[in-house]
Structure formats: structure tokens, C-alpha cells
file upload.cif (mmCIF, C-alpha atoms)
data_upload
loop_
_atom_site.label_atom_id
_atom_site.label_comp_id
_atom_site.auth_asym_id
_atom_site.auth_seq_id
_atom_site.Cartn_x
_atom_site.Cartn_y
_atom_site.Cartn_z
CA MET G 1 18.13 5.03 6.94
CA ARG G 2 16.61 2.61 4.46
CA ILE G 3 13.26 4.40 4.46
CA LEU G 4 14.94 7.76 3.87
CA GLU G 5 16.94 6.29 1.00
CA GLU G 6 13.69 4.91 -0.44
CA ALA G 7 12.16 8.38 -0.18
CA ILE G 8 15.13 9.85 -2.05
CA ARG G 9 14.91 7.12 -4.71
CA SER G 10 11.19 7.82 -5.07
CA GLY G 11 11.84 11.45 -5.90
CA LEU G 12 10.20 12.97 -2.82
CA LYS G 13 11.06 16.54 -1.89
CA PHE G 14 12.95 16.95 1.40
CA LYS G 15 12.48 20.04 3.53
CA ALA G 16 15.01 19.16 6.27
CA VAL G 17 17.05 16.23 7.57
CA PHE G 18 17.97 15.80 11.25
CA PHE G 19 20.89 13.71 12.52
CA ARG G 20 21.54 12.52 16.05
CA ALA G 21 24.94 13.66 17.26
CA SER G 22 26.10 10.12 18.08
CA ALA G 23 25.14 9.00 14.56
CA GLU G 24 27.19 11.67 12.82
CA ASN G 25 28.84 8.97 10.68
CA ARG G 26 25.55 8.59 8.77
CA VAL G 27 25.82 12.17 7.51
CA ASP G 28 28.52 11.28 4.99
CA ARG G 29 26.37 8.46 3.59
CA LEU G 30 23.21 10.52 3.09
CA LEU G 31 24.48 13.98 2.16
CA PRO G 32 25.60 13.05 -1.38
CA GLN G 33 22.08 11.76 -2.09
CA LEU G 34 20.32 14.96 -0.97
CA ALA G 35 19.68 18.07 -3.02
CA ALA G 36 22.04 20.93 -2.22
CA HIS G 37 19.32 23.20 -0.83
CA VAL G 38 18.03 20.69 1.78
CA GLU G 39 18.62 21.94 5.32
CA THR G 40 20.52 19.49 7.56
CA LEU G 41 20.75 19.75 11.35
CA LEU G 42 22.86 17.86 13.90
CA LEU G 43 20.91 17.48 17.18
CA PRO G 44 21.97 16.39 20.68
CA ASP G 45 20.94 12.76 21.34
CA LYS G 46 18.40 13.68 24.02
CA LEU G 47 16.67 16.27 21.86
CA PHE G 48 16.61 13.92 18.87
CA ALA G 49 15.08 11.10 20.95
CA SER G 50 12.32 13.36 22.25
CA ALA G 51 11.40 14.53 18.75
CA VAL G 52 11.47 11.25 16.77
CA PRO G 53 8.47 8.92 17.35
CA SER G 54 10.36 5.65 16.99
CA GLU G 55 11.28 3.03 19.59
CA THR G 56 14.54 2.26 17.78
CA PRO G 57 15.63 5.45 16.01
CA GLN G 58 18.62 4.97 13.71
CA GLY G 59 19.88 8.47 14.26
CA VAL G 60 18.37 10.20 11.26
CA ALA G 61 14.94 11.69 10.54
CA ALA G 62 13.50 13.97 7.89
CA LEU G 63 10.67 16.30 7.01
CA VAL G 64 9.42 15.18 3.60
CA ARG G 65 6.66 16.46 1.33
CA CYS G 66 4.74 13.31 0.38
CA LYS G 67 2.76 13.03 -2.83
CA THR G 68 -1.02 13.21 -2.49
CA PHE G 69 -3.58 12.01 -5.01
CA LYS G 70 -7.21 12.73 -5.77
CA LEU G 71 -9.61 9.84 -6.32
CA GLU G 72 -9.78 10.58 -10.05
CA GLU G 73 -6.01 10.30 -10.34
CA VAL G 74 -6.01 6.89 -8.66
CA LEU G 75 -8.92 5.61 -10.75
CA ALA G 76 -7.07 6.68 -13.89
CA LYS G 77 -4.40 4.10 -12.99
CA SER G 78 -6.89 1.23 -12.72
CA GLN G 79 -6.30 0.02 -16.29
CA ALA G 80 -2.62 -0.55 -15.48
CA GLY G 81 -3.36 -3.03 -12.69
CA PRO G 82 -5.95 -3.97 -10.08
CA LEU G 83 -7.32 -1.25 -7.83
CA LEU G 84 -7.20 -1.98 -4.10
CA ALA G 85 -9.95 -0.66 -1.83
CA ILE G 86 -9.18 -0.89 1.89
CA ALA G 87 -12.10 -0.82 4.31
CA GLY G 88 -11.29 -0.31 7.98
CA VAL G 89 -7.82 -1.87 8.22
CA GLN G 90 -6.58 -0.31 11.44
CA ASP G 91 -3.32 -2.16 12.08
CA PRO G 92 -0.46 -0.11 10.56
CA GLY G 93 1.69 -3.20 9.99
CA ASN G 94 -1.09 -4.79 7.96
CA LEU G 95 -1.65 -1.72 5.82
CA GLY G 96 2.08 -1.33 5.23
CA THR G 97 2.28 -4.98 4.14
CA ILE G 98 -0.68 -4.50 1.78
CA LEU G 99 0.96 -1.45 0.18
CA ARG G 100 4.26 -3.29 -0.24
CA SER G 101 2.51 -6.24 -1.90
CA ALA G 102 0.40 -3.88 -4.01
CA GLU G 103 3.51 -2.42 -5.58
CA ALA G 104 5.24 -5.80 -5.85
CA PHE G 105 2.35 -7.39 -7.75
CA GLY G 106 1.48 -4.48 -9.99
CA ALA G 107 -1.58 -2.83 -8.44
CA GLY G 108 -2.63 0.32 -10.26
CA GLY G 109 -3.58 2.26 -7.14
CA VAL G 110 -5.09 2.15 -3.67
CA VAL G 111 -8.09 3.84 -2.07
CA LEU G 112 -8.32 3.96 1.72
CA GLY G 113 -11.82 4.00 3.17
CA GLU G 114 -12.99 5.48 6.45
CA GLY G 115 -11.70 3.74 9.56
CA THR G 116 -8.45 2.78 7.85
CA VAL G 117 -5.16 3.88 9.39
CA SER G 118 -3.43 6.76 7.57
CA GLN G 119 -0.75 5.91 5.04
CA PHE G 120 1.37 8.59 6.73
CA ASN G 121 1.48 6.65 10.03
CA SER G 122 5.17 6.01 10.76
CA LYS G 123 4.63 2.26 11.24
CA VAL G 124 2.77 2.05 7.92
CA ILE G 125 5.65 3.80 6.18
CA ARG G 126 8.23 1.42 7.65
CA ALA G 127 6.16 -1.71 6.93
CA SER G 128 5.62 -0.60 3.33
CA ALA G 129 9.39 -0.52 2.75
CA GLY G 130 8.99 2.63 0.66
CA SER G 131 6.04 1.50 -1.48
CA VAL G 132 3.86 4.16 0.17
CA PHE G 133 6.03 6.79 -1.53
CA ARG G 134 5.39 5.44 -5.03
CA LEU G 135 1.82 4.11 -5.11
CA PRO G 136 -1.10 6.37 -6.08
CA ILE G 137 -3.18 6.45 -2.86
CA ALA G 138 -6.34 8.41 -2.08
CA GLN G 139 -8.46 8.61 1.06
CA VAL G 140 -12.18 8.30 0.28
CA LYS G 141 -15.61 7.30 1.52
CA LEU G 142 -15.82 3.91 -0.14
CA ALA G 143 -19.59 3.64 -0.44
CA ALA G 144 -19.67 6.94 -2.31
CA THR G 145 -17.03 5.79 -4.83
CA LEU G 146 -18.58 2.49 -5.93
CA GLU G 147 -20.51 3.98 -8.85
CA GLN G 148 -17.42 5.75 -10.17
CA ILE G 149 -15.41 2.54 -9.95
CA ARG G 150 -18.13 0.48 -11.61
CA ASN G 151 -18.54 3.05 -14.40
CA LEU G 152 -14.91 2.44 -15.36
CA GLY G 153 -15.80 -1.16 -16.18
CA LEU G 154 -14.12 -2.66 -13.13
CA ARG G 155 -15.49 -5.78 -11.46
CA LEU G 156 -15.86 -5.32 -7.70
CA ILE G 157 -14.34 -8.31 -5.90
CA ALA G 158 -14.73 -8.85 -2.16
CA THR G 159 -12.40 -11.05 -0.13
CA SER G 160 -13.76 -13.40 2.53
CA SER G 161 -12.37 -15.96 4.94
CA HIS G 162 -15.19 -18.47 4.54
CA LYS G 163 -17.68 -17.75 1.74
CA GLY G 164 -17.18 -17.19 -1.96
CA THR G 165 -15.48 -18.67 -4.98
CA PRO G 166 -12.27 -20.49 -3.95
CA LEU G 167 -9.32 -18.38 -5.05
CA ASP G 168 -7.88 -21.07 -7.32
CA GLN G 169 -11.21 -21.24 -9.19
CA ALA G 170 -11.86 -17.51 -9.46
CA VAL G 171 -11.31 -15.64 -12.73
CA LEU G 172 -9.20 -12.62 -11.81
CA THR G 173 -8.17 -11.16 -15.15
CA GLY G 174 -9.30 -7.87 -16.64
CA PRO G 175 -10.05 -4.61 -14.80
CA LEU G 176 -10.66 -5.33 -11.10
CA ALA G 177 -11.23 -3.54 -7.81
CA ILE G 178 -10.30 -5.77 -4.86
CA PHE G 179 -11.93 -4.89 -1.54
CA ILE G 180 -10.05 -5.80 1.64
CA GLY G 181 -11.96 -5.60 4.92
CA SER G 182 -10.88 -5.04 8.50
CA GLU G 183 -8.95 -7.65 10.46
CA GLY G 184 -11.91 -8.67 12.60
CA ALA G 185 -15.21 -7.74 10.97
CA GLY G 186 -14.30 -7.96 7.29
CA LEU G 187 -16.15 -5.83 4.75
CA PRO G 188 -19.24 -3.91 5.94
CA ARG G 189 -22.54 -5.36 4.72
CA GLU G 190 -23.39 -2.25 2.68
CA LEU G 191 -20.24 -2.83 0.61
CA LEU G 192 -20.66 -6.60 0.34
CA GLU G 193 -24.11 -6.15 -1.17
CA GLN G 194 -22.61 -4.10 -4.01
CA MET G 195 -19.87 -6.55 -4.99
CA THR G 196 -19.73 -8.38 -8.32
CA ASP G 197 -18.23 -11.48 -6.71
CA THR G 198 -16.59 -12.75 -3.54
CA VAL G 199 -13.43 -14.85 -3.39
CA ALA G 200 -12.22 -16.92 -0.47
CA ILE G 201 -8.75 -18.26 0.29
CA PRO G 202 -9.09 -21.92 1.34
CA HIS G 203 -7.32 -22.61 4.63
CA SER G 204 -7.46 -24.91 7.65
CA PRO G 205 -10.73 -24.69 9.62
CA ASN G 206 -8.60 -24.50 12.77
CA VAL G 207 -7.72 -20.93 11.76
CA GLU G 208 -10.61 -18.48 11.96
CA SER G 209 -9.26 -16.04 9.38
CA LEU G 210 -6.10 -14.83 7.72
CA ASN G 211 -4.26 -11.65 8.58
CA ALA G 212 -5.50 -8.86 6.27
CA GLY G 213 -2.01 -8.18 4.97
CA VAL G 214 -1.40 -11.86 4.21
CA ALA G 215 -4.81 -12.31 2.55
CA ALA G 216 -4.34 -9.26 0.34
CA SER G 217 -0.86 -10.43 -0.67
CA ILE G 218 -2.12 -13.88 -1.67
CA VAL G 219 -4.96 -12.42 -3.76
CA LEU G 220 -2.63 -9.92 -5.44
CA TYR G 221 -0.18 -12.69 -6.30
CA GLU G 222 -2.97 -14.79 -7.83
CA ILE G 223 -4.15 -11.82 -9.92
CA ALA G 224 -0.58 -11.26 -11.16
CA ARG G 225 -0.18 -14.97 -11.94
CA GLN G 226 -3.43 -15.18 -13.89
CA THR G 227 -2.76 -11.93 -15.73
CA SER G 228 0.70 -13.10 -16.77
CA HIS G 229 -0.64 -16.49 -17.90
CA HIS G 230 -3.46 -14.82 -19.83
CA SER G 231 -1.01 -12.49 -21.60
CA VAL G 232 1.20 -15.42 -22.62
CA LYS G 233 -1.79 -17.26 -24.08
CA GLU G 234 -2.94 -14.19 -26.01
CA ASN G 235 0.55 -13.68 -27.44
CA ALA G 236 0.75 -17.34 -28.44
CA ILE G 237 -2.58 -17.08 -30.28
CA THR G 238 -1.49 -13.88 -32.04
CA LEU G 239 1.75 -15.44 -33.20
#

call {"tool": "encode", "arguments": {"input": "upload.cif", "output": "C-alpha cells"}}
result
Amino acid sequence: MRILEEAIRSGLKFKAVFFRASAENRVDRLLPQLAAHVETLLLPDKLFASAVPSETPQGVAALVRCKTFKLEEVLAKSQAGPLLAIAGVQDPGNLGTILRSAEAFGAGGVVLGEGTVSQFNSKVIRASAGSVFRLPIAQVKLAATLEQIRNLGLRLIATSSHKGTPLDQAVLTGPLAIFIGSEGAGLPRELLEQMTDTVAIPHSPNVESLNAGVAASIVLYEIARQTSHHSVKENAITL
């Protein structure tokens, strides 16, 4: 229910909404939020369960036309906030967490490289808590996009578990593209060699690495903190 309400709030176009017969009480809650021309169907419980790919269906599902973006459209948003480049993150919960944090901390857009789980995966959608509906996201071949990103004046920042400038010492203001690698292998070498800088999140040596979703969230928070602090200083100087 919450994800469908987020889709409605995000302005997505609904083609049809399906309700499980035993969850008929949810119809009255959702119908006023839907456009008049959206088809609604009440299905027997068994049929609904066989059609909905969820272990704990809440009794309502929908066919929705999601927004799609070209690379150029995502890059055009990079001046509004950091660009996130995701390389080979396969766990849908991790990607959903990254997308949720990206919206929360003001990322301009997201590009998903090869080997990364689709943003339309149902677990990604749930973990994103609706952010996937609102963020500009494009699927790309990352190595082929580096020149375009660099030509926009963005610094290319890699994240690492062990090597690089400690996060609290890194300068993360201005136009940035933050590259997040896979949960196990990290960023591929061919991408690492093209980076402007690498930042590392200091943590206990007893832990080999941080979860990709957690690491991305920490870096995004630090960018937002530094950007806010930098803006306050600039305003103080102007005044």
C-alpha cells in the first residue's frame, strides 16, 4: 500500500490496479487517490497470490508506467547535486537503500552500470521507499560515459574500504560524481584508474568492508553536510 501511495504522490501513470478479494477494505482507501480512468479489478485470493511476486502481499498491486531517462537527462541534473554512478551492485536491498539515501541527501541523479540490478526489481522498489519513482535514473555502460561526465566539470570520486583520503579529510564540495562499487569486489580496475580521487570511510579493522548501501549513505551525508556548511560560509562572507 505504501509503495502504491508513493507512486501516486510521485505522479506516475497507473494502467490498472488489482485488489485481493479478502483485502477489499483497501479499495476505499486507494480509489479516491486514483484517476477516474484507471481500471480496477477485484481478484480471488488464489489468483492474486499466483500473480503477485511478493512473499507478503498486502492485497493490492498495480501496473504502473515508470519514468525512464536518457543519460543526457540525468547528466543535466548533476549541477543540482552529486551524481551517483553504481557499478555492479547486485543486491536489490542495497540498491534500494542507495536510491533512498540519494534522494534524502540531494543527489542530482543516478547512473546504473552493467552488472547492477535493475531499478524496476520489486525488492529495489520496496527498499527505495518510493525514491526510485522520483530520481532521474539511467542505465549505461559506465566506462563509456566517463568522458561525458568529466566534460561537465565533475570530479570523479571512487569509494574504497581501505585506501584513499579519509572521508572526514576529503573535500566533497562542488560538482561530483561518486562511484559505488559492488559489495564484494568494489570498483573495477578500469574505472579506478580514471578517478580523480578515492575516499575511504574509516572503520574497525575487524570489519572487512561496509555494506554498499551503508557506505553510499555515509558518503552522501558527508557531501550534504559539507555543501551546507560551504553555503553558510559563502553567505556569511557575502553579507

call {"tool": "closest_residue", "arguments": {"input": "upload.cif", "among": "G:His229, G:Arg155, G:Lys46, G:Arg2", "to": "G:Pro175", "atoms": "all atoms listed in the file"}}
result
G:Arg155

call {"tool": "residues_around", "arguments": {"input": "upload.cif", "residues": "G:Ile223", "least_positions_apart": "3", "cutoff": "12 Å", "atoms": "all atoms listed in the file", "output": "PDB file with C-alpha atoms, in the coordinates of the input"}}
result
ATOM      1  CA  GLY G  81      -3.360  -3.030 -12.690  1.00  0.00           C
ATOM      2  CA  PRO G  82      -5.950  -3.970 -10.080  1.00  0.00           C
ATOM      3  CA  LEU G  83      -7.320  -1.250  -7.830  1.00  0.00           C
ATOM      4  CA  LEU G  84      -7.200  -1.980  -4.100  1.00  0.00           C
ATOM      5  CA  SER G 101       2.510  -6.240  -1.900  1.00  0.00           C
ATOM      6  CA  ALA G 102       0.400  -3.880  -4.010  1.00  0.00           C
ATOM      7  CA  ALA G 104       5.240  -5.800  -5.850  1.00  0.00           C
ATOM      8  CA  PHE G 105       2.350  -7.390  -7.750  1.00  0.00           C
ATOM      9  CA  GLY G 106       1.480  -4.480  -9.990  1.00  0.00           C
ATOM     10  CA  ALA G 107      -1.580  -2.830  -8.440  1.00  0.00           C
ATOM     11  CA  ILE G 157     -14.340  -8.310  -5.900  1.00  0.00           C
ATOM     12  CA  LEU G 167      -9.320 -18.380  -5.050  1.00  0.00           C
ATOM     13  CA  ASP G 168      -7.880 -21.070  -7.320  1.00  0.00           C
ATOM     14  CA  GLN G 169     -11.210 -21.240  -9.190  1.00  0.00           C
ATOM     15  CA  ALA G 170     -11.860 -17.510  -9.460  1.00  0.00           C
ATOM     16  CA  VAL G 171     -11.310 -15.640 -12.730  1.00  0.00           C
ATOM     17  CA  LEU G 172      -9.200 -12.620 -11.810  1.00  0.00           C
ATOM     18  CA  THR G 173      -8.170 -11.160 -15.150  1.00  0.00           C
ATOM     19  CA  GLY G 174      -9.300  -7.870 -16.640  1.00  0.00           C
ATOM     20  CA  PRO G 175     -10.050  -4.610 -14.800  1.00  0.00           C
ATOM     21  CA  LEU G 176     -10.660  -5.330 -11.100  1.00  0.00           C
ATOM     22  CA  ALA G 177     -11.230  -3.540  -7.810  1.00  0.00           C
ATOM     23  CA  ILE G 178     -10.300  -5.770  -4.860  1.00  0.00           C
ATOM     24  CA  VAL G 199     -13.430 -14.850  -3.390  1.00  0.00           C
ATOM     25  CA  ALA G 216      -4.340  -9.260   0.340  1.00  0.00           C
ATOM     26  CA  SER G 217      -0.860 -10.430  -0.670  1.00  0.00           C
ATOM     27  CA  ILE G 218      -2.120 -13.880  -1.670  1.00  0.00           C
ATOM     28  CA  VAL G 219      -4.960 -12.420  -3.760  1.00  0.00           C
ATOM     29  CA  LEU G 220      -2.630  -9.920  -5.440  1.00  0.00           C
ATOM     30  CA  GLN G 226      -3.430 -15.180 -13.890  1.00  0.00           C
ATOM     31  CA  THR G 227      -2.760 -11.930 -15.730  1.00  0.00           C
ATOM     32  CA  SER G 228       0.700 -13.100 -16.770  1.00  0.00           C
ATOM     33  CA  HIS G 229      -0.640 -16.490 -17.900  1.00  0.00           C
ATOM     34  CA  HIS G 230      -3.460 -14.820 -19.830  1.00  0.00           C
TER      35      HIS G 230
END

call {"tool": "closest_residue", "arguments": {"input": "upload.cif", "among": "G:Arg189, G:Arg9, G:Arg225, G:His162", "to": "G:Ser204", "atoms": "only C-alpha atoms"}}
result
G:His162

call {"tool": "atom_distance", "arguments": {"input": "upload.cif", "atom1": "atom CA of G:Phe69", "atom2": "atom CA of G:Glu222"}}
result
27.0 Å

call {"tool": "resolve_selection", "arguments": {"input": "upload.cif", "expression": "the PyMOL selection byres ((chain G and resi 109) around 7)", "output": "list of chain:residue names"}}
result
G:Val74, G:Lys77, G:Ser78, G:Leu83, G:Leu84, G:Ala107, G:Gly108, G:Val110, G:Val111, G:Leu135, G:Pro136, G:Ile137

call {"tool": "residues_near_point", "arguments": {"input": "upload.cif", "point": "(-14.0, -11.9, -4.9)", "cutoff": "7 Å", "atoms": "all atoms listed in the file", "output": "list in words"}}
result
Ile157, Ala158, Thr159, Gly164, Thr165, Asp197, Thr198, Val199 and Ala200 of chain G

call {"tool": "decode", "arguments": {"input": "upload.cif", "residues": "stretch 13-145 of chain G", "atoms": "C-alpha atoms", "output": "PDB file, in the first residue's frame"}}
result
ATOM      1  CA  LYS G  13       0.564   6.976 -14.533  1.00  0.00           C
ATOM      2  CA  PHE G  14      -1.439   3.897 -13.499  1.00  0.00           C
ATOM      3  CA  LYS G  15      -2.743   1.476 -16.093  1.00  0.00           C
ATOM      4  CA  ALA G  16      -4.597  -0.874 -13.711  1.00  0.00           C
ATOM      5  CA  VAL G  17      -4.892  -1.693 -10.007  1.00  0.00           C
ATOM      6  CA  PHE G  18      -5.650  -5.190  -8.693  1.00  0.00           C
ATOM      7  CA  PHE G  19      -7.143  -5.942  -5.271  1.00  0.00           C
ATOM      8  CA  ARG G  20      -7.260  -9.272  -3.464  1.00  0.00           C
ATOM      9  CA  ALA G  21     -10.824 -10.179  -2.558  1.00  0.00           C
ATOM     10  CA  SER G  22     -10.031 -10.565   1.151  1.00  0.00           C
ATOM     11  CA  ALA G  23      -8.444  -7.087   1.168  1.00  0.00           C
ATOM     12  CA  GLU G  24     -11.483  -5.362  -0.293  1.00  0.00           C
ATOM     13  CA  ASN G  25     -11.384  -2.835   2.558  1.00  0.00           C
ATOM     14  CA  ARG G  26      -8.273  -1.275   0.969  1.00  0.00           C
ATOM     15  CA  VAL G  27     -10.291  -0.297  -2.109  1.00  0.00           C
ATOM     16  CA  ASP G  28     -11.996   2.576  -0.308  1.00  0.00           C
ATOM     17  CA  ARG G  29      -8.634   3.955   0.822  1.00  0.00           C
ATOM     18  CA  LEU G  30      -6.970   3.916  -2.599  1.00  0.00           C
ATOM     19  CA  LEU G  31      -9.790   4.696  -5.023  1.00  0.00           C
ATOM     20  CA  PRO G  32     -10.086   8.407  -4.124  1.00  0.00           C
ATOM     21  CA  GLN G  33      -6.368   8.814  -4.904  1.00  0.00           C
ATOM     22  CA  LEU G  34      -6.581   7.246  -8.371  1.00  0.00           C
ATOM     23  CA  ALA G  35      -7.531   8.940 -11.613  1.00  0.00           C
ATOM     24  CA  ALA G  36     -11.070   8.175 -12.752  1.00  0.00           C
ATOM     25  CA  HIS G  37      -9.990   6.302 -15.885  1.00  0.00           C
ATOM     26  CA  VAL G  38      -7.728   3.779 -14.060  1.00  0.00           C
ATOM     27  CA  GLU G  39      -9.067   0.233 -14.365  1.00  0.00           C
ATOM     28  CA  THR G  40      -9.547  -1.565 -11.025  1.00  0.00           C
ATOM     29  CA  LEU G  41     -10.074  -5.308 -10.639  1.00  0.00           C
ATOM     30  CA  LEU G  42     -11.036  -7.439  -7.632  1.00  0.00           C
ATOM     31  CA  LEU G  43      -9.354 -10.874  -7.863  1.00  0.00           C
ATOM     32  CA  PRO G  44      -9.881 -14.129  -5.947  1.00  0.00           C
ATOM     33  CA  ASP G  45      -7.155 -14.595  -3.289  1.00  0.00           C
ATOM     34  CA  LYS G  46      -5.599 -17.611  -5.010  1.00  0.00           C
ATOM     35  CA  LEU G  47      -5.350 -15.879  -8.377  1.00  0.00           C
ATOM     36  CA  PHE G  48      -3.930 -12.735  -6.792  1.00  0.00           C
ATOM     37  CA  ALA G  49      -1.268 -14.722  -4.894  1.00  0.00           C
ATOM     38  CA  SER G  50      -0.154 -16.510  -8.052  1.00  0.00           C
ATOM     39  CA  ALA G  51       0.222 -13.252  -9.968  1.00  0.00           C
ATOM     40  CA  VAL G  52       1.955 -11.009  -7.393  1.00  0.00           C
ATOM     41  CA  PRO G  53       5.699 -11.719  -6.855  1.00  0.00           C
ATOM     42  CA  SER G  54       5.787 -10.871  -3.154  1.00  0.00           C
ATOM     43  CA  GLU G  55       6.212 -13.124  -0.124  1.00  0.00           C
ATOM     44  CA  THR G  56       3.922 -10.901   1.949  1.00  0.00           C
ATOM     45  CA  PRO G  57       1.440  -9.297  -0.446  1.00  0.00           C
ATOM     46  CA  GLN G  58      -0.748  -6.644   1.181  1.00  0.00           C
ATOM     47  CA  GLY G  59      -3.660  -7.338  -1.090  1.00  0.00           C
ATOM     48  CA  VAL G  60      -3.105  -4.682  -3.720  1.00  0.00           C
ATOM     49  CA  ALA G  61      -0.905  -4.483  -6.825  1.00  0.00           C
ATOM     50  CA  ALA G  62      -0.712  -2.214  -9.840  1.00  0.00           C
ATOM     51  CA  LEU G  63       0.550  -1.852 -13.370  1.00  0.00           C
ATOM     52  CA  VAL G  64       2.380   1.472 -13.496  1.00  0.00           C
ATOM     53  CA  ARG G  65       4.193   3.307 -16.280  1.00  0.00           C
ATOM     54  CA  CYS G  66       7.513   4.295 -14.696  1.00  0.00           C
ATOM     55  CA  LYS G  67       9.520   7.268 -15.873  1.00  0.00           C
ATOM     56  CA  THR G  68      12.644   6.496 -17.904  1.00  0.00           C
ATOM     57  CA  PHE G  69      15.587   8.801 -18.505  1.00  0.00           C
ATOM     58  CA  LYS G  70      18.353   9.086 -21.051  1.00  0.00           C
ATOM     59  CA  LEU G  71      21.930   9.610 -19.879  1.00  0.00           C
ATOM     60  CA  GLU G  72      21.889  13.214 -21.079  1.00  0.00           C
ATOM     61  CA  GLU G  73      18.823  13.948 -18.967  1.00  0.00           C
ATOM     62  CA  VAL G  74      20.497  12.573 -15.841  1.00  0.00           C
ATOM     63  CA  LEU G  75      23.760  14.421 -16.505  1.00  0.00           C
ATOM     64  CA  ALA G  76      21.793  17.651 -16.885  1.00  0.00           C
ATOM     65  CA  LYS G  77      20.797  17.282 -13.214  1.00  0.00           C
ATOM     66  CA  SER G  78      24.396  16.978 -11.998  1.00  0.00           C
ATOM     67  CA  GLN G  79      24.700  20.672 -11.130  1.00  0.00           C
ATOM     68  CA  ALA G  80      21.807  20.336  -8.681  1.00  0.00           C
ATOM     69  CA  GLY G  81      23.568  17.703  -6.577  1.00  0.00           C
ATOM     70  CA  PRO G  82      26.131  14.899  -6.752  1.00  0.00           C
ATOM     71  CA  LEU G  83      25.782  12.295  -9.471  1.00  0.00           C
ATOM     72  CA  LEU G  84      25.859   8.672  -8.299  1.00  0.00           C
ATOM     73  CA  ALA G  85      27.404   6.004 -10.521  1.00  0.00           C
ATOM     74  CA  ILE G  86      26.666   2.431  -9.448  1.00  0.00           C
ATOM     75  CA  ALA G  87      28.999  -0.298 -10.685  1.00  0.00           C
ATOM     76  CA  GLY G  88      27.850  -3.883 -10.232  1.00  0.00           C
ATOM     77  CA  VAL G  89      25.680  -3.606  -7.104  1.00  0.00           C
ATOM     78  CA  GLN G  90      23.636  -6.783  -7.384  1.00  0.00           C
ATOM     79  CA  ASP G  91      21.775  -6.894  -4.081  1.00  0.00           C
ATOM     80  CA  PRO G  92      18.355  -5.238  -4.571  1.00  0.00           C
ATOM     81  CA  GLY G  93      18.138  -4.175  -0.925  1.00  0.00           C
ATOM     82  CA  ASN G  94      21.445  -2.349  -1.240  1.00  0.00           C
ATOM     83  CA  LEU G  95      20.448  -0.547  -4.422  1.00  0.00           C
ATOM     84  CA  GLY G  96      17.094   0.423  -2.932  1.00  0.00           C
ATOM     85  CA  THR G  97      18.870   1.833   0.136  1.00  0.00           C
ATOM     86  CA  ILE G  98      21.274   3.796  -2.082  1.00  0.00           C
ATOM     87  CA  LEU G  99      18.385   5.303  -4.059  1.00  0.00           C
ATOM     88  CA  ARG G 100      16.535   6.246  -0.876  1.00  0.00           C
ATOM     89  CA  SER G 101      19.639   7.945   0.542  1.00  0.00           C
ATOM     90  CA  ALA G 102      20.338   9.596  -2.811  1.00  0.00           C
ATOM     91  CA  GLU G 103      17.015  11.384  -2.686  1.00  0.00           C
ATOM     92  CA  ALA G 104      17.288  12.123   1.035  1.00  0.00           C
ATOM     93  CA  PHE G 105      20.681  13.812   0.684  1.00  0.00           C
ATOM     94  CA  GLY G 106      20.043  15.694  -2.533  1.00  0.00           C
ATOM     95  CA  ALA G 107      21.723  13.671  -5.286  1.00  0.00           C
ATOM     96  CA  GLY G 108      21.091  15.094  -8.739  1.00  0.00           C
ATOM     97  CA  GLY G 109      20.733  11.736 -10.475  1.00  0.00           C
ATOM     98  CA  VAL G 110      21.899   8.137 -10.695  1.00  0.00           C
ATOM     99  CA  VAL G 111      23.503   6.077 -13.446  1.00  0.00           C
ATOM    100  CA  LEU G 112      23.436   2.284 -13.171  1.00  0.00           C
ATOM    101  CA  GLY G 113      26.327   0.452 -14.794  1.00  0.00           C
ATOM    102  CA  GLU G 114      26.393  -3.048 -16.225  1.00  0.00           C
ATOM    103  CA  GLY G 115      26.024  -5.841 -13.680  1.00  0.00           C
ATOM    104  CA  THR G 116      23.827  -3.699 -11.438  1.00  0.00           C
ATOM    105  CA  VAL G 117      20.363  -4.944 -10.507  1.00  0.00           C
ATOM    106  CA  SER G 118      17.504  -3.196 -12.320  1.00  0.00           C
ATOM    107  CA  GLN G 119      15.782  -0.317 -10.569  1.00  0.00           C
ATOM    108  CA  PHE G 120      12.495  -1.975 -11.553  1.00  0.00           C
ATOM    109  CA  ASN G 121      13.225  -5.064  -9.418  1.00  0.00           C
ATOM    110  CA  SER G 122      10.363  -5.323  -6.907  1.00  0.00           C
ATOM    111  CA  LYS G 123      12.742  -5.538  -3.921  1.00  0.00           C
ATOM    112  CA  VAL G 124      14.620  -2.443  -5.119  1.00  0.00           C
ATOM    113  CA  ILE G 125      11.342  -0.547  -5.373  1.00  0.00           C
ATOM    114  CA  ARG G 126      10.287  -1.511  -1.846  1.00  0.00           C
ATOM    115  CA  ALA G 127      13.709  -0.771  -0.322  1.00  0.00           C
ATOM    116  CA  SER G 128      13.796   2.642  -2.014  1.00  0.00           C
ATOM    117  CA  ALA G 129      10.558   3.631  -0.240  1.00  0.00           C
ATOM    118  CA  GLY G 130       9.385   5.395  -3.398  1.00  0.00           C
ATOM    119  CA  SER G 131      12.603   7.277  -4.215  1.00  0.00           C
ATOM    120  CA  VAL G 132      13.003   5.172  -7.367  1.00  0.00           C
ATOM    121  CA  PHE G 133       9.882   6.878  -8.729  1.00  0.00           C
ATOM    122  CA  ARG G 134      11.310  10.386  -8.360  1.00  0.00           C
ATOM    123  CA  LEU G 135      15.054  10.174  -9.049  1.00  0.00           C
ATOM    124  CA  PRO G 136      16.435  10.617 -12.578  1.00  0.00           C
ATOM    125  CA  ILE G 137      17.997   7.186 -13.282  1.00  0.00           C
ATOM    126  CA  ALA G 138      19.650   5.898 -16.452  1.00  0.00           C
ATOM    127  CA  GLN G 139      21.189   2.529 -17.291  1.00  0.00           C
ATOM    128  CA  VAL G 140      24.568   2.912 -19.011  1.00  0.00           C
ATOM    129  CA  LYS G 141      27.954   1.380 -19.739  1.00  0.00           C
ATOM    130  CA  LEU G 142      29.966   3.289 -17.174  1.00  0.00           C
ATOM    131  CA  ALA G 143      33.347   3.184 -18.894  1.00  0.00           C
ATOM    132  CA  ALA G 144      31.809   4.751 -21.986  1.00  0.00           C
ATOM    133  CA  THR G 145      30.277   7.633 -20.002  1.00  0.00           C
TER     134      THR G 145
END
